[in-house]
$ cat data35.pdb   # PDB, C-alpha atoms
MODEL        1
ATOM      1  CA  MET H   1       0.087 -48.822  -0.163
ATOM      2  CA  THR H   2      -0.464 -46.912   3.056
ATOM      3  CA  THR H   3      -2.714 -43.894   3.529
ATOM      4  CA  GLY H   4       0.385 -41.756   4.082
ATOM      5  CA  TRP H   5       1.912 -42.660   0.738
ATOM      6  CA  LEU H   6      -1.398 -42.283  -1.072
ATOM      7  CA  THR H   7      -1.857 -38.812   0.443
ATOM      8  CA  VAL H   8       1.656 -37.840  -0.614
ATOM      9  CA  LEU H   9       1.069 -38.957  -4.197
ATOM     10  CA  LEU H  10      -2.380 -37.354  -4.476
ATOM     11  CA  VAL H  11      -1.238 -34.020  -3.049
ATOM     12  CA  GLY H  12       1.716 -34.110  -5.438
ATOM     13  CA  ALA H  13      -0.505 -34.862  -8.438
ATOM     14  CA  VAL H  14      -2.972 -32.106  -7.549
ATOM     15  CA  THR H  15      -0.175 -29.567  -7.087
ATOM     16  CA  ILE H  16       1.529 -30.519 -10.352
ATOM     17  CA  ALA H  17      -1.815 -30.145 -12.129
ATOM     18  CA  LEU H  18      -2.568 -26.750 -10.534
ATOM     19  CA  LYS H  19       0.860 -25.368 -11.432
ATOM     20  CA  GLY H  20       0.844 -26.911 -14.897
ATOM     21  CA  ALA H  21      -2.696 -26.006 -16.001
ATOM     22  CA  GLY H  22      -1.912 -22.473 -17.182
ATOM     23  CA  PRO H  23       1.310 -23.272 -19.053
ATOM     24  CA  LEU H  24      -0.195 -26.451 -20.560
ATOM     25  CA  LEU H  25      -3.341 -24.768 -21.863
ATOM     26  CA  LEU H  26      -1.999 -21.288 -22.622
ATOM     27  CA  GLY H  27       1.765 -21.833 -22.835
ATOM     28  CA  GLY H  28       3.571 -19.576 -25.309
ATOM     29  CA  ARG H  29       0.497 -17.481 -26.062
ATOM     30  CA  ALA H  30       0.659 -13.800 -25.142
ATOM     31  CA  HIS H  31      -1.845 -12.366 -22.670
ATOM     32  CA  PRO H  32      -4.190  -9.678 -23.993
ATOM     33  CA  ARG H  33      -2.571  -6.258 -23.533
ATOM     34  CA  ARG H  34      -5.541  -5.142 -21.497
ATOM     35  CA  LEU H  35      -4.529  -7.598 -18.766
ATOM     36  CA  PHE H  36      -0.985  -6.258 -18.321
ATOM     37  CA  PRO H  37      -1.833  -3.733 -15.598
ATOM     38  CA  VAL H  38      -3.780  -6.444 -13.770
ATOM     39  CA  LEU H  39      -0.856  -8.893 -13.932
ATOM     40  CA  ARG H  40       1.469  -6.238 -12.546
ATOM     41  CA  LEU H  41      -0.786  -5.831  -9.515
ATOM     42  CA  LEU H  42      -1.095  -9.573  -8.911
ATOM     43  CA  ALA H  43       2.128  -9.816  -6.903
ATOM     44  CA  PRO H  44       1.300  -6.960  -4.488
ATOM     45  CA  ALA H  45      -2.233  -8.293  -3.938
ATOM     46  CA  LEU H  46      -1.204 -11.933  -3.382
ATOM     47  CA  PHE H  47       1.838 -11.266  -1.209
ATOM     48  CA  ALA H  48       0.001  -8.767   0.980
ATOM     49  CA  ALA H  49      -2.738 -11.372   1.443
ATOM     50  CA  LEU H  50      -0.198 -14.073   2.357
ATOM     51  CA  ILE H  51       1.489 -11.762   4.854
ATOM     52  CA  ALA H  52      -1.779 -10.638   6.430
ATOM     53  CA  THR H  53      -3.143 -14.157   6.891
ATOM     54  CA  GLN H  54       0.150 -15.547   8.201
ATOM     55  CA  VAL H  55       0.548 -12.784  10.775
ATOM     56  CA  PHE H  56      -2.994 -12.010  11.879
ATOM     57  CA  THR H  57      -4.817 -15.342  11.828
ATOM     58  CA  HIS H  58      -4.711 -18.471  13.945
ATOM     59  CA  GLY H  59      -6.921 -21.131  12.475
ATOM     60  CA  ARG H  60     -10.003 -19.128  11.537
ATOM     61  CA  ASN H  61      -9.583 -16.525  14.272
ATOM     62  CA  LEU H  62      -8.166 -13.067  13.704
ATOM     63  CA  VAL H  63      -5.450 -12.459  16.302
ATOM     64  CA  LEU H  64      -2.879  -9.857  17.250
ATOM     65  CA  ASP H  65       0.181 -11.470  18.812
ATOM     66  CA  ALA H  66       3.980 -11.475  18.850
ATOM     67  CA  ARG H  67       4.129 -12.125  15.105
ATOM     68  CA  ALA H  68       3.000  -8.511  14.567
ATOM     69  CA  ALA H  69       6.289  -7.338  16.111
ATOM     70  CA  GLY H  70       8.113  -9.505  13.593
ATOM     71  CA  LEU H  71       6.104  -7.984  10.766
ATOM     72  CA  ILE H  72       6.959  -4.454  11.907
ATOM     73  CA  ALA H  73      10.650  -5.409  12.089
ATOM     74  CA  ALA H  74      10.466  -6.894   8.594
ATOM     75  CA  ILE H  75       8.754  -3.825   7.126
ATOM     76  CA  VAL H  76      11.299  -1.472   8.712
ATOM     77  CA  GLY H  77      14.180  -3.644   7.535
ATOM     78  CA  ALA H  78      12.859  -3.933   3.983
ATOM     79  CA  ALA H  79      12.100  -0.206   3.798
ATOM     80  CA  LEU H  80      15.689   0.535   4.857
ATOM     81  CA  GLY H  81      16.932  -1.790   2.138
ATOM     82  CA  ALA H  82      18.515  -4.280   4.550
ATOM     83  CA  ARG H  83      19.778  -7.624   3.228
ATOM     84  CA  PRO H  84      17.003 -10.252   3.049
ATOM     85  CA  LEU H  85      18.650 -12.582   5.551
ATOM     86  CA  LEU H  86      19.028  -9.726   8.031
ATOM     87  CA  VAL H  87      15.346  -8.827   7.596
ATOM     88  CA  LEU H  88      14.374 -12.440   8.354
ATOM     89  CA  VAL H  89      16.611 -12.676  11.417
ATOM     90  CA  ALA H  90      15.318  -9.343  12.728
ATOM     91  CA  ALA H  91      11.711 -10.471  12.261
ATOM     92  CA  CYS H  92      12.305 -13.780  14.051
ATOM     93  CA  ALA H  93      14.190 -12.049  16.875
ATOM     94  CA  ALA H  94      11.485  -9.411  17.327
ATOM     95  CA  THR H  95       8.831 -12.123  17.488
ATOM     96  CA  ALA H  96      10.800 -14.297  19.903
ATOM     97  CA  ILE H  97      11.562 -11.345  22.203
ATOM     98  CA  SER H  98       7.957 -10.123  22.168
ATOM     99  CA  ARG H  99       6.855 -13.621  23.069
ATOM    100  CA  LEU H 100       9.183 -13.587  26.085
ATOM    101  CA  VAL H 101       8.180 -10.099  27.209
ATOM    102  CA  LEU H 102       4.443 -10.157  26.556
ATOM    103  CA  PRO H 103       2.309 -12.098  29.013
TER     104      PRO H 103
ATOM    105  CA  MET Y   1      22.812 -18.758 -25.242
ATOM    106  CA  ARG Y   2      25.069 -16.694 -23.089
ATOM    107  CA  SER Y   3      22.283 -14.365 -21.983
ATOM    108  CA  ILE Y   4      20.082 -17.342 -21.084
ATOM    109  CA  SER Y   5      22.671 -18.853 -18.753
ATOM    110  CA  ALA Y   6      23.226 -15.365 -17.335
ATOM    111  CA  GLY Y   7      19.493 -15.374 -16.565
ATOM    112  CA  TYR Y   8      19.779 -18.697 -14.720
ATOM    113  CA  TRP Y   9      22.572 -17.341 -12.569
ATOM    114  CA  ALA Y  10      20.736 -14.076 -11.946
ATOM    115  CA  GLY Y  11      17.717 -16.042 -10.734
ATOM    116  CA  ALA Y  12      19.791 -18.304  -8.496
ATOM    117  CA  ARG Y  13      21.673 -15.325  -7.056
ATOM    118  CA  ALA Y  14      18.455 -13.412  -6.404
ATOM    119  CA  VAL Y  15      16.934 -16.293  -4.474
ATOM    120  CA  ALA Y  16      20.125 -17.332  -2.632
ATOM    121  CA  PRO Y  17      19.538 -15.068   0.414
ATOM    122  CA  LEU Y  18      16.221 -16.850   0.951
ATOM    123  CA  ALA Y  19      17.743 -20.327   0.734
ATOM    124  CA  PRO Y  20      18.625 -20.619   4.454
ATOM    125  CA  VAL Y  21      14.996 -20.015   5.399
ATOM    126  CA  ILE Y  22      13.773 -22.563   2.863
ATOM    127  CA  GLY Y  23      16.340 -24.966   4.341
ATOM    128  CA  ILE Y  24      15.055 -24.499   7.892
ATOM    129  CA  VAL Y  25      11.481 -24.963   6.708
ATOM    130  CA  GLY Y  26      12.525 -28.130   4.886
ATOM    131  CA  VAL Y  27      14.211 -29.621   7.954
ATOM    132  CA  LEU Y  28      11.144 -28.812  10.009
ATOM    133  CA  PHE Y  29       8.877 -30.398   7.406
ATOM    134  CA  GLY Y  30      10.989 -33.556   7.260
ATOM    135  CA  TYR Y  31      10.824 -33.892  11.005
ATOM    136  CA  LEU Y  32       7.102 -33.187  11.334
ATOM    137  CA  ALA Y  33       6.256 -35.492   8.431
ATOM    138  CA  THR Y  34       7.997 -38.460  10.047
ATOM    139  CA  ALA Y  35       6.458 -37.515  13.398
ATOM    140  CA  ALA Y  36       3.062 -37.639  11.649
ATOM    141  CA  GLY Y  37       3.762 -41.182  10.516
ATOM    142  CA  LEU Y  38       5.216 -40.777   7.032
ATOM    143  CA  THR Y  39       8.358 -42.679   6.131
ATOM    144  CA  PRO Y  40      11.401 -40.530   5.294
ATOM    145  CA  ALA Y  41      11.044 -41.619   1.667
ATOM    146  CA  ALA Y  42       7.432 -40.407   1.559
ATOM    147  CA  ALA Y  43       8.439 -37.070   3.101
ATOM    148  CA  ILE Y  44      11.158 -36.605   0.471
ATOM    149  CA  VAL Y  45       8.848 -37.601  -2.390
ATOM    150  CA  MET Y  46       6.292 -35.088  -1.117
ATOM    151  CA  SER Y  47       8.843 -32.269  -1.106
ATOM    152  CA  ALA Y  48       9.962 -33.225  -4.610
ATOM    153  CA  THR Y  49       6.480 -33.508  -6.131
ATOM    154  CA  THR Y  50       4.563 -30.866  -4.208
ATOM    155  CA  PHE Y  51       7.379 -28.305  -3.737
ATOM    156  CA  ALA Y  52       5.124 -25.892  -1.847
ATOM    157  CA  GLY Y  53       5.750 -25.625   1.878
ATOM    158  CA  SER Y  54       2.411 -24.455   3.232
ATOM    159  CA  ALA Y  55       0.352 -27.161   1.506
ATOM    160  CA  GLN Y  56       2.772 -29.845   2.671
ATOM    161  CA  PHE Y  57       2.527 -28.730   6.298
ATOM    162  CA  ALA Y  58      -1.263 -28.606   6.095
ATOM    163  CA  ALA Y  59      -1.490 -32.086   4.590
ATOM    164  CA  ILE Y  60       0.767 -33.774   7.141
ATOM    165  CA  ALA Y  61      -0.887 -31.920  10.033
ATOM    166  CA  ILE Y  62      -4.213 -33.439   8.981
ATOM    167  CA  VAL Y  63      -2.694 -36.904   8.451
ATOM    168  CA  GLY Y  64      -0.915 -36.667  11.821
ATOM    169  CA  ALA Y  65      -4.112 -35.685  13.605
ATOM    170  CA  GLY Y  66      -5.885 -38.729  12.171
ATOM    171  CA  GLY Y  67      -7.859 -36.788   9.562
ATOM    172  CA  THR Y  68      -9.082 -38.362   6.361
ATOM    173  CA  MET Y  69      -7.029 -38.480   3.197
ATOM    174  CA  ALA Y  70      -9.742 -36.504   1.409
ATOM    175  CA  ALA Y  71      -9.425 -33.718   3.990
ATOM    176  CA  ALA Y  72      -5.639 -33.612   3.615
ATOM    177  CA  VAL Y  73      -5.748 -33.514  -0.169
ATOM    178  CA  THR Y  74      -8.514 -30.890  -0.207
ATOM    179  CA  ALA Y  75      -6.655 -28.604   2.218
ATOM    180  CA  ALA Y  76      -3.474 -28.865   0.167
ATOM    181  CA  ALA Y  77      -5.366 -28.202  -3.063
ATOM    182  CA  LEU Y  78      -6.981 -25.070  -1.609
ATOM    183  CA  LEU Y  79      -3.665 -23.772  -0.295
ATOM    184  CA  ASN Y  80      -2.084 -24.347  -3.693
ATOM    185  CA  ALA Y  81      -5.005 -22.955  -5.685
ATOM    186  CA  ARG Y  82      -3.141 -19.672  -6.072
ATOM    187  CA  TYR Y  83      -0.541 -21.524  -8.127
ATOM    188  CA  ALA Y  84      -3.123 -21.891 -10.869
ATOM    189  CA  ILE Y  85      -3.217 -18.088 -11.046
ATOM    190  CA  LEU Y  86       0.578 -17.770 -10.919
ATOM    191  CA  GLY Y  87       0.835 -20.438 -13.631
ATOM    192  CA  ILE Y  88      -1.576 -18.575 -15.908
ATOM    193  CA  SER Y  89       0.345 -15.335 -15.404
ATOM    194  CA  ALA Y  90       3.620 -17.032 -16.373
ATOM    195  CA  ALA Y  91       2.138 -19.065 -19.239
ATOM    196  CA  PRO Y  92       3.103 -16.779 -22.163
ATOM    197  CA  GLU Y  93       6.797 -17.221 -21.343
ATOM    198  CA  ILE Y  94       6.576 -20.998 -20.928
ATOM    199  CA  SER Y  95       6.723 -22.621 -24.368
ATOM    200  CA  GLY Y  96       7.865 -25.896 -25.908
ATOM    201  CA  SER Y  97       6.411 -29.412 -25.780
ATOM    202  CA  PRO Y  98       3.581 -30.122 -23.318
ATOM    203  CA  LEU Y  99       5.940 -32.138 -21.103
ATOM    204  CA  LYS Y 100       8.483 -29.333 -21.036
ATOM    205  CA  ARG Y 101       5.762 -26.798 -20.190
ATOM    206  CA  LEU Y 102       4.479 -29.035 -17.402
ATOM    207  CA  LEU Y 103       7.967 -29.476 -15.948
ATOM    208  CA  VAL Y 104       8.991 -25.815 -16.153
ATOM    209  CA  ALA Y 105       5.691 -24.855 -14.515
ATOM    210  CA  GLN Y 106       6.708 -26.862 -11.431
ATOM    211  CA  PHE Y 107       9.429 -24.290 -10.675
ATOM    212  CA  VAL Y 108       6.712 -21.751  -9.927
ATOM    213  CA  VAL Y 109       6.479 -21.120  -6.204
ATOM    214  CA  ASP Y 110       5.819 -17.784  -4.488
ATOM    215  CA  GLU Y 111       9.498 -16.919  -4.148
ATOM    216  CA  THR Y 112      10.624 -17.865  -7.652
ATOM    217  CA  TRP Y 113       7.602 -16.253  -9.270
ATOM    218  CA  ALA Y 114       8.317 -12.952  -7.524
ATOM    219  CA  ILE Y 115      11.965 -13.100  -8.585
ATOM    220  CA  ALA Y 116      11.153 -13.983 -12.199
ATOM    221  CA  TYR Y 117       9.280 -10.693 -12.521
ATOM    222  CA  ALA Y 118      12.228  -8.482 -13.302
ATOM    223  CA  GLY Y 119      11.408  -4.838 -12.673
ATOM    224  CA  ASP Y 120       9.197  -3.787 -15.568
ATOM    225  CA  GLY Y 121       6.680  -6.585 -15.025
ATOM    226  CA  ARG Y 122       8.213  -8.846 -17.680
ATOM    227  CA  PHE Y 123       8.351 -12.485 -16.629
ATOM    228  CA  GLU Y 124      11.819 -13.950 -17.289
ATOM    229  CA  ILE Y 125      11.748 -17.697 -17.625
ATOM    230  CA  ALA Y 126      15.513 -18.141 -17.150
ATOM    231  CA  ARG Y 127      15.339 -16.403 -13.766
ATOM    232  CA  LEU Y 128      12.429 -18.683 -12.789
ATOM    233  CA  ILE Y 129      14.403 -21.831 -13.678
ATOM    234  CA  GLY Y 130      17.596 -20.600 -11.979
ATOM    235  CA  ALA Y 131      15.835 -19.612  -8.770
ATOM    236  CA  GLY Y 132      13.565 -22.675  -8.856
ATOM    237  CA  SER Y 133      16.429 -25.157  -9.312
ATOM    238  CA  LEU Y 134      18.311 -23.808  -6.309
ATOM    239  CA  LEU Y 135      15.252 -23.768  -4.042
ATOM    240  CA  PHE Y 136      14.183 -27.232  -5.216
ATOM    241  CA  VAL Y 137      17.542 -28.766  -4.298
ATOM    242  CA  VAL Y 138      17.578 -27.003  -0.922
ATOM    243  CA  HIS Y 139      13.966 -27.991  -0.225
ATOM    244  CA  VAL Y 140      14.447 -31.683  -1.010
ATOM    245  CA  LEU Y 141      17.844 -32.051   0.715
ATOM    246  CA  SER Y 142      16.703 -30.251   3.860
ATOM    247  CA  THR Y 143      13.581 -32.434   3.974
ATOM    248  CA  ALA Y 144      15.806 -35.506   3.810
ATOM    249  CA  PHE Y 145      17.987 -34.106   6.568
ATOM    250  CA  GLY Y 146      14.984 -33.379   8.786
ATOM    251  CA  SER Y 147      13.316 -36.732   8.188
ATOM    252  CA  PHE Y 148      16.415 -38.808   8.902
ATOM    253  CA  GLY Y 149      18.311 -36.596  11.301
ATOM    254  CA  GLY Y 150      15.564 -35.881  13.748
ATOM    255  CA  CYS Y 151      14.798 -32.335  14.718
ATOM    256  CA  LEU Y 152      17.154 -29.757  16.100
ATOM    257  CA  VAL Y 153      14.401 -27.246  16.671
ATOM    258  CA  ALA Y 154      11.888 -28.769  19.044
ATOM    259  CA  ASP Y 155       9.573 -25.761  19.192
ATOM    260  CA  PRO Y 156       9.944 -23.422  16.224
ATOM    261  CA  THR Y 157       7.793 -20.707  17.768
ATOM    262  CA  LYS Y 158      10.315 -20.311  20.600
ATOM    263  CA  PHE Y 159      12.805 -18.815  18.155
ATOM    264  CA  GLY Y 160      10.183 -16.767  16.367
ATOM    265  CA  LEU Y 161      10.600 -18.930  13.272
ATOM    266  CA  ASP Y 162       6.887 -18.596  12.548
ATOM    267  CA  ALA Y 163       7.679 -14.969  11.653
ATOM    268  CA  ALA Y 164      10.162 -16.044   8.987
ATOM    269  CA  PHE Y 165       7.628 -16.634   6.221
ATOM    270  CA  PRO Y 166       5.750 -13.354   6.551
ATOM    271  CA  ALA Y 167       9.147 -11.585   6.639
ATOM    272  CA  LEU Y 168      10.183 -13.489   3.539
ATOM    273  CA  PHE Y 169       7.050 -12.284   1.775
ATOM    274  CA  VAL Y 170       7.726  -8.694   2.899
ATOM    275  CA  VAL Y 171      11.149  -8.964   1.245
ATOM    276  CA  LEU Y 172       9.512 -10.315  -1.920
ATOM    277  CA  LEU Y 173       6.720  -7.734  -1.909
ATOM    278  CA  ARG Y 174       8.994  -4.706  -1.534
ATOM    279  CA  PRO Y 175      10.287  -4.487  -5.162
ATOM    280  CA  HIS Y 176       6.722  -4.744  -6.465
ATOM    281  CA  LEU Y 177       5.514  -1.681  -4.554
ATOM    282  CA  THR Y 178       6.715   0.754  -7.180
ATOM    283  CA  ALA Y 179       3.497   2.595  -8.036
ATOM    284  CA  PRO Y 180       0.611   3.942  -5.959
ATOM    285  CA  ALA Y 181      -1.658   1.418  -7.652
ATOM    286  CA  ALA Y 182       0.531  -1.386  -6.272
ATOM    287  CA  MET Y 183       0.113  -0.021  -2.738
ATOM    288  CA  VAL Y 184      -3.654   0.101  -3.219
ATOM    289  CA  ALA Y 185      -3.678  -3.454  -4.583
ATOM    290  CA  ALA Y 186      -1.596  -4.656  -1.615
ATOM    291  CA  ALA Y 187      -3.870  -2.970   0.922
ATOM    292  CA  ALA Y 188      -6.974  -4.292  -0.825
ATOM    293  CA  GLY Y 189      -5.499  -7.801  -1.069
ATOM    294  CA  ALA Y 190      -4.728  -7.882   2.645
ATOM    295  CA  ALA Y 191      -8.181  -6.516   3.499
ATOM    296  CA  ILE Y 192      -9.969  -9.080   1.323
ATOM    297  CA  ALA Y 193      -7.946 -11.963   2.783
ATOM    298  CA  LEU Y 194      -8.441 -10.947   6.414
ATOM    299  CA  SER Y 195     -12.149 -10.285   6.026
ATOM    300  CA  LEU Y 196     -12.695 -13.739   4.493
ATOM    301  CA  ALA Y 197     -10.312 -15.693   6.758
ATOM    302  CA  PRO Y 198     -12.816 -16.317   9.590
ATOM    303  CA  PHE Y 199     -15.425 -17.751   7.230
ATOM    304  CA  VAL Y 200     -13.720 -19.938   4.615
ATOM    305  CA  PRO Y 201     -10.989 -22.631   4.633
ATOM    306  CA  ALA Y 202      -7.362 -21.478   4.515
ATOM    307  CA  GLY Y 203      -6.147 -20.811   0.990
ATOM    308  CA  ILE Y 204      -9.434 -19.435  -0.332
ATOM    309  CA  PRO Y 205      -8.788 -15.933   1.111
ATOM    310  CA  ILE Y 206      -5.511 -15.788  -0.850
ATOM    311  CA  VAL Y 207      -7.191 -16.730  -4.118
ATOM    312  CA  ALA Y 208      -9.949 -14.177  -3.482
ATOM    313  CA  ALA Y 209      -7.333 -11.513  -2.757
ATOM    314  CA  ALA Y 210      -6.086 -11.883  -6.331
ATOM    315  CA  ALA Y 211      -9.249 -10.008  -7.296
ATOM    316  CA  ALA Y 212      -7.617  -6.862  -5.886
ATOM    317  CA  SER Y 213      -5.384  -6.823  -8.964
ATOM    318  CA  LEU Y 214      -8.467  -6.132 -11.103
ATOM    319  CA  ILE Y 215      -8.195  -2.471 -10.124
ATOM    320  CA  GLY Y 216      -5.528  -2.556 -12.839
ATOM    321  CA  LEU Y 217      -8.360  -2.600 -15.388
ATOM    322  CA  ARG Y 218      -9.254   0.926 -14.336
ATOM    323  CA  LEU Y 219      -5.729   2.197 -14.992
ATOM    324  CA  ARG Y 220      -5.024   3.766 -18.329
TER     325      ARG Y 220
ENDMDL
END
$ encode --input "data35.pdb" --output "structure tokens"
Amino acid sequence: MTTGWLTVLLVGAVTIALKGAGPLLLGGRAHPRRLFPVLRLLAPALFAALIATQVFTHGRNLVLDARAAGLIAAIVGAALGARPLLVLVAACAATAISRLVLP
Amino acid sequence: MRSISAGYWAGARAVAPLAPVIGIVGVLFGYLATAAGLTPAAAIVMSATTFAGSAQFAAIAIVGAGGTMAAAVTAAALLNARYAILGISAAPEISGSPLKRLLVAQFVVDETWAIAYAGDGRFEIARLIGAGSLLFVVHVLSTAFGSFGGCLVADPTKFGLDAAFPALFVVLLRPHLTAPAAMVAAAAGAAIALSLAPFVPAGIPIVAAAAASLIGLRLR
């Protein structure tokens, strides 16, 4: 078995375990009511964090580059209620154009 | 029964607009994985078992650069650590035998999890399975295409494709920004992640950002 295959299988096993842990241990049991407001805020907190790190970091450096133009395009598109695919195309186009224009 | 299958379709329909992006990412992954030395079969098995783009890219980047297996597995585990949180949040709706719970849990990825939360914060398992099935098929098939067919996109940044994922997450975030508290949680989450990013490995800032949701405890 090669290192590549072993890596593939280990990463798969770890991911399956991470995803499955909650449902395996707590599956079918209701969360305490007190946690409901927290769970509702989980999506905004996590997605904002994913967006921020994907747009403003490169490795461990904070950067401001053409991806910011894509983010602005995406926010405008989403705020206007544009179709998801259109938002994605607009974001990619804005990033590609900024990359051409900016030094 | 009827309403359950309606839920599957609703989930698949909700995620369908995102499918082309997932497909492009899959093709790119298939190509990069084989370029990093994996066989096409290994690339496809990875997409089927891991089913989480960012961790897959991180793992093959490390393998391709000659990094150790431990480094690749650790990086992927950190990037996927947030799925433990998503899994816990979805757990009450996932019931049945342990095997069934384990399998259904695999449909949880960022996109399907966001779509399964229908409006009022209730997690709908049928929407998760519908959306997850569609994305899974697209992800695995596009990986196969990319790993066998070579790459059509030599440099993804040239077409701004690196902006596709953040834009995807903006689309997913939008319906969740219904209350002022959600805006505060989003701003706090982004701030936490960016302030930690320079100091800790990728993935950790996202998990830490989940703490922003704790402001919900102060809401009455």
$ resolve_selection --input "data35.pdb" --expression "the PyMOL selection byres ((chain H and resi 81-84) around 10)" --output "list in words"
Ala74, Ile75, Val76, Gly77, Ala78, Ala79, Leu80, Leu85, Leu86, Val87, Leu88, Val89 and Ala90 of chain H; Val15, Ala16, Pro17, Leu18, Ala167, Leu168, Val170, Val171, Leu172 and Arg174 of chain Y
$ write_last_selection --input "data35.pdb" --atoms "C-alpha atoms" --output "compact mmCIF listing (two decimals), keeping the file's coordinate frame"
# COMPACT_ATOMS: atom_id res chain seq x y z
CA ALA H 74 10.47 -6.89 8.59
CA ILE H 75 8.75 -3.82 7.13
CA VAL H 76 11.30 -1.47 8.71
CA GLY H 77 14.18 -3.64 7.54
CA ALA H 78 12.86 -3.93 3.98
CA ALA H 79 12.10 -0.21 3.80
CA LEU H 80 15.69 0.54 4.86
CA LEU H 85 18.65 -12.58 5.55
CA LEU H 86 19.03 -9.73 8.03
CA VAL H 87 15.35 -8.83 7.60
CA LEU H 88 14.37 -12.44 8.35
CA VAL H 89 16.61 -12.68 11.42
CA ALA H 90 15.32 -9.34 12.73
CA VAL Y 15 16.93 -16.29 -4.47
CA ALA Y 16 20.12 -17.33 -2.63
CA PRO Y 17 19.54 -15.07 0.41
CA LEU Y 18 16.22 -16.85 0.95
CA ALA Y 167 9.15 -11.58 6.64
CA LEU Y 168 10.18 -13.49 3.54
CA VAL Y 170 7.73 -8.69 2.90
CA VAL Y 171 11.15 -8.96 1.25
CA LEU Y 172 9.51 -10.32 -1.92
CA ARG Y 174 8.99 -4.71 -1.53
$ resolve_selection --input "data35.pdb" --expression "the PyMOL selection byres ((chain H and resi 42-48) around 8)" --output "CSV table (one decimal) with C-alpha atoms, in the frame of the given file"
chain,number,residue,atom,x,y,z
H,38,VAL,CA,-3.8,-6.4,-13.8
H,39,LEU,CA,-0.9,-8.9,-13.9
H,40,ARG,CA,1.5,-6.2,-12.5
H,41,LEU,CA,-0.8,-5.8,-9.5
H,49,ALA,CA,-2.7,-11.4,1.4
H,50,LEU,CA,-0.2,-14.1,2.4
H,51,ILE,CA,1.5,-11.8,4.9
H,52,ALA,CA,-1.8,-10.6,6.4
Y,114,ALA,CA,8.3,-13.0,-7.5
Y,169,PHE,CA,7.0,-12.3,1.8
Y,170,VAL,CA,7.7,-8.7,2.9
Y,172,LEU,CA,9.5,-10.3,-1.9
Y,173,LEU,CA,6.7,-7.7,-1.9
Y,176,HIS,CA,6.7,-4.7,-6.5
Y,177,LEU,CA,5.5,-1.7,-4.6
Y,182,ALA,CA,0.5,-1.4,-6.3
Y,183,MET,CA,0.1,0.0,-2.7
Y,185,ALA,CA,-3.7,-3.5,-4.6
Y,186,ALA,CA,-1.6,-4.7,-1.6
Y,187,ALA,CA,-3.9,-3.0,0.9
Y,188,ALA,CA,-7.0,-4.3,-0.8
Y,189,GLY,CA,-5.5,-7.8,-1.1
Y,190,ALA,CA,-4.7,-7.9,2.6
Y,206,ILE,CA,-5.5,-15.8,-0.8
Y,207,VAL,CA,-7.2,-16.7,-4.1
Y,209,ALA,CA,-7.3,-11.5,-2.8
Y,210,ALA,CA,-6.1,-11.9,-6.3
Y,211,ALA,CA,-9.2,-10.0,-7.3
Y,212,ALA,CA,-7.6,-6.9,-5.9
Y,213,SER,CA,-5.4,-6.8,-9.0
$ residues_around --input "data35.pdb" --residues "Leu161 in chain Y" --least-positions-apart "4" --cutoff "9 Å" --atoms "all atoms listed in the file" --output "VMD selection string"
(chain H and resid 88 to 89 91 to 93 95 to 96) or (chain Y and resid 24 to 25 156 to 157 165)
$ atom_distance --input "data35.pdb" --atom1 "CA of Gly11 in chain Y" --atom2 "CA of Ser147 in chain Y"
28.4 Å
$ resolve_selection --input "data35.pdb" --expression "the PyMOL selection byres ((chain H and resi 26-36) around 7)" --output "number ranges by chain"
H: 22-25, 37-40; Y: 91-95, 101
$ write_last_selection --input "data35.pdb" --atoms "C-alpha atoms" --output "compact mmCIF listing (two decimals), keeping the file's coordinate frame"
# COMPACT_ATOMS: atom_id res chain seq x y z
CA GLY H 22 -1.91 -22.47 -17.18
CA PRO H 23 1.31 -23.27 -19.05
CA LEU H 24 -0.20 -26.45 -20.56
CA LEU H 25 -3.34 -24.77 -21.86
CA PRO H 37 -1.83 -3.73 -15.60
CA VAL H 38 -3.78 -6.44 -13.77
CA LEU H 39 -0.86 -8.89 -13.93
CA ARG H 40 1.47 -6.24 -12.55
CA ALA Y 91 2.14 -19.07 -19.24
CA PRO Y 92 3.10 -16.78 -22.16
CA GLU Y 93 6.80 -17.22 -21.34
CA ILE Y 94 6.58 -21.00 -20.93
CA SER Y 95 6.72 -22.62 -24.37
CA ARG Y 101 5.76 -26.80 -20.19
$ atom_distance --input "data35.pdb" --atom1 "CA of Ala202 in chain Y" --atom2 "CA of Ala73 in chain H"
25.3 Å
$ axis_aligned_box --input "data35.pdb" --around "range 49-65 of chain H" --padding-each-side "8 Å" --output "lines of an AutoDock Vina configuration file"
center_x = -4.3
center_y = -15.5
center_z = 10.1
size_x = 27.5
size_y = 27.3
size_z = 33.4
